[in-house]
Amino acid sequence: MIEVKHLTKQFGSHLAVDNISFTAEKGEILGFLGPNGAGKSTTMRMITGFFPPTDGTVIVGGNDILTQSIAARKKIGYLPENAPVYPDMTVIRYLDFCADIRGFSGAARKQRVGETLERCFLTGVRHQAVNTLSKGYKQRVCFAQSILHDPEYLILDEPTDGLDPNQKHEVRLMIREMSATKAIIFSTHILDEVDTVCSRAIIIADGKVVADDTPDGLRQRSGFHGSVVLTVTGAERDGLEKEITTLDGVASVSVVDADADRTTLRIFPGDPAVPVADRVIASVGRNGATIASVFVEQGRLDDVFRDITTGK
Ligand SMILES: Nc1ncnc2c1ncn2[C@@H]1O[C@H](COP(=O)(O)OP(=O)(O)OP(=O)(O)O)[C@@H](O)[C@H]1O
């Protein structure tokens, strides 16, 4: 487990990280979200021992990153933002070098590098100099160095940043594949990634944790969660709207879109946990209208993110 305890970082008069605490267990993929400048990279740098906190600490698999730094860092793989890679080295030479630093030699080093090349789909470019690789492949090389020693804890700072959709997909697959035996914390600006990859997400704003929940839990915070979006044709709009408003469990109805023959209504339930779709559908039948489409909104993560981080 990674235990982040009251982590704080002050840069001069600027409080970049303000008393952050959370835990991440093995098997968890924890998304770390927040607007630009919220303090994500700074928090990750402190978790990995890259620089010291002003206050608080981090316990990595039982070892304190401040007082048992070497033991703690051995358990961590870290993909920093803008990861430095020696550009003139070939991929295999660079990974050999990283394996050396991690204390592998001889057959163990060869095996470790070979496995990592395969896992990161780098075998085909292993003899190519890093500076001749595309951005996506460079990112894979950085990713490869972070998993080379098969760490129990992976801290990935925007691992899919700048990758094309296929490469993003591959990196997400790798993250998912590795999560069974590791705790993974990764930062991202892509909210879809939270849905497809994360078991939990932490949102930070102005250096503070403002939400810590599952993707579903976050969606449920949307004001649209549980609302029914109904599009009908051939309706007498006012009559239908009035009838739906009076249905049991319905709090309010708003018109989303309307033209001469098509109307889209959004129906808000009094309690999102008590569905009203069946009753709404029955009332359309009574009004002689035809349903073109109907769905129950789960809530969009980008709306929730905006609400939480801007208070709007
Ligand atoms: N070494 C530093 N010296 C001074 N201020 C810093 C330093 N590193 C970060 N900061 C400041 O701390 C705040 C948090 O920065 P950080 O890079 O952690 O944000 P972030 O959430 O990772 O942002 P982004 O999404 O843009 O990567 C910012 O205001 C930044 O300018």
# chains A, B, ... in the order shown; residues from 1 in each chain; ligands from 1
call {"tool": "closest_atom_pairs", "arguments": {"of": "chain A", "to": "ligand 1", "cutoff": "6 Å", "atoms": "only C-alpha atoms and all ligand atoms", "output": "Markdown table"}}
result
| residue | atom | partner | partner_atom_place_in_ligand_line | distance |
| --- | --- | --- | --- | --- |
| A:Phe11 | CA | ligand 1 | 4 (C) | 5.0 |
| A:Ala16 | CA | ligand 1 | 12 (O) | 4.4 |
| A:Gly34 | CA | ligand 1 | 21 (O) | 5.9 |
| A:Pro35 | CA | ligand 1 | 25 (O) | 5.6 |
| A:Asn36 | CA | ligand 1 | 26 (O) | 3.4 |
| A:Gly37 | CA | ligand 1 | 19 (O) | 3.4 |
| A:Ala38 | CA | ligand 1 | 21 (O) | 3.7 |
| A:Gly39 | CA | ligand 1 | 18 (O) | 3.2 |
| A:Lys40 | CA | ligand 1 | 21 (O) | 3.8 |
| A:Ser41 | CA | ligand 1 | 22 (O) | 3.7 |
| A:Thr42 | CA | ligand 1 | 18 (O) | 3.7 |
call {"tool": "residues_around", "arguments": {"residues": "Thr231 (chain A)", "least_positions_apart": "5", "cutoff": "7 Å", "atoms": "only C-alpha atoms", "output": "ChimeraX atom specification"}}
result
/A:262-265,291-294
call {"tool": "write_last_selection", "arguments": {"atoms": "C-alpha atoms", "output": "short mmCIF file (atom, residue, chain, number, x, y, z; two decimals), in the first residue's frame"}}
result
data_model
loop_
_atom_site.label_atom_id
_atom_site.label_comp_id
_atom_site.auth_asym_id
_atom_site.auth_seq_id
_atom_site.Cartn_x
_atom_site.Cartn_y
_atom_site.Cartn_z
CA ARG A 262 -39.91 16.92 -32.71
CA THR A 263 -39.51 17.74 -29.01
CA THR A 264 -36.72 16.75 -26.63
CA LEU A 265 -37.44 16.99 -22.93
CA ILE A 291 -41.01 8.04 -28.95
CA ALA A 292 -37.99 8.71 -31.21
CA SER A 293 -35.46 8.06 -28.45
CA VAL A 294 -35.26 7.79 -24.69
#
call {"tool": "closest_residue", "arguments": {"among": "A:Lys9, A:Arg109, A:His189, A:Arg237", "to": "Val284 (chain A)", "atoms": "only C-alpha atoms"}}
result
A:Arg237
call {"tool": "residues_around", "arguments": {"residues": "Val209 (chain A)", "least_positions_apart": "5", "cutoff": "8 Å", "atoms": "only C-alpha atoms", "output": "VMD selection string"}}
result
chain A and resid 20 to 21 202 to 204
call {"tool": "write_last_selection", "arguments": {"atoms": "C-alpha atoms", "output": "PDB file, in the first residue's frame"}}
result
ATOM      1  CA  ILE A  20      -2.961  15.925   0.995  1.00  0.00           C
ATOM      2  CA  SER A  21      -3.698  12.448   2.430  1.00  0.00           C
ATOM      3  CA  ILE A 202      -8.780  11.623  -6.871  1.00  0.00           C
ATOM      4  CA  ILE A 203      -9.409  15.176  -8.013  1.00  0.00           C
ATOM      5  CA  ILE A 204      -7.173  17.924  -6.697  1.00  0.00           C
TER       6      ILE A 204
END
call {"tool": "residues_around", "arguments": {"residues": "Arg200 (chain A)", "least_positions_apart": "5", "cutoff": "6 Å", "atoms": "only C-alpha atoms", "output": "count of residues only"}}
result
3
call {"tool": "select_by_dssp", "arguments": {"residues": "region 52-226 of chain A", "states": "strand (DSSP E or B)", "output": "PyMOL selection string"}}
result
chain A and resi 55-60+63-64+76-79+90+129+153-157+183-187+200-205+208-213
call {"tool": "write_last_selection", "arguments": {"atoms": "C-alpha atoms", "output": "CSV table (one decimal), in the first residue's frame"}}
result
chain,number,residue,atom,x,y,z
A,55,ASP,CA,5.6,18.7,5.6
A,56,GLY,CA,4.1,15.2,5.8
A,57,THR,CA,5.5,12.0,4.3
A,58,VAL,CA,4.7,8.9,2.2
A,59,ILE,CA,4.9,5.3,3.3
A,60,VAL,CA,5.6,3.0,0.4
A,63,ASN,CA,9.0,2.1,4.1
A,64,ASP,CA,9.0,5.9,4.8
A,76,ILE,CA,8.6,2.4,-7.1
A,77,GLY,CA,8.6,2.8,-10.8
A,78,TYR,CA,8.3,6.4,-11.9
A,79,LEU,CA,7.4,7.9,-15.3
A,90,THR,CA,20.0,3.0,-28.6
A,129,ALA,CA,18.9,5.6,-31.3
A,153,TYR,CA,4.1,0.7,-7.1
A,154,LEU,CA,3.9,2.6,-10.3
A,155,ILE,CA,3.6,6.4,-10.4
A,156,LEU,CA,2.9,7.6,-14.0
A,157,ASP,CA,2.8,11.4,-14.7
A,183,ALA,CA,-0.8,-0.2,-7.0
A,184,ILE,CA,-0.8,2.3,-9.9
A,185,ILE,CA,-1.2,6.1,-9.6
A,186,PHE,CA,-1.4,8.0,-12.8
A,187,SER,CA,-2.2,11.6,-13.7
A,200,ARG,CA,-10.8,5.2,-8.4
A,201,ALA,CA,-10.1,8.8,-9.0
A,202,ILE,CA,-8.8,11.6,-6.9
A,203,ILE,CA,-9.4,15.2,-8.0
A,204,ILE,CA,-7.2,17.9,-6.7
A,205,ALA,CA,-7.6,21.7,-7.1
A,208,LYS,CA,-6.2,20.1,-2.0
A,209,VAL,CA,-8.1,16.9,-2.5
A,210,VAL,CA,-11.6,17.9,-3.5
A,211,ALA,CA,-13.0,14.4,-4.5
A,212,ASP,CA,-11.9,10.8,-3.9
A,213,ASP,CA,-14.4,8.4,-5.5
call {"tool": "atom_distance", "arguments": {"atom1": "CA of Asp150 (chain A)", "atom2": "CA of Glu115 (chain A)"}}
result
10.4 Å
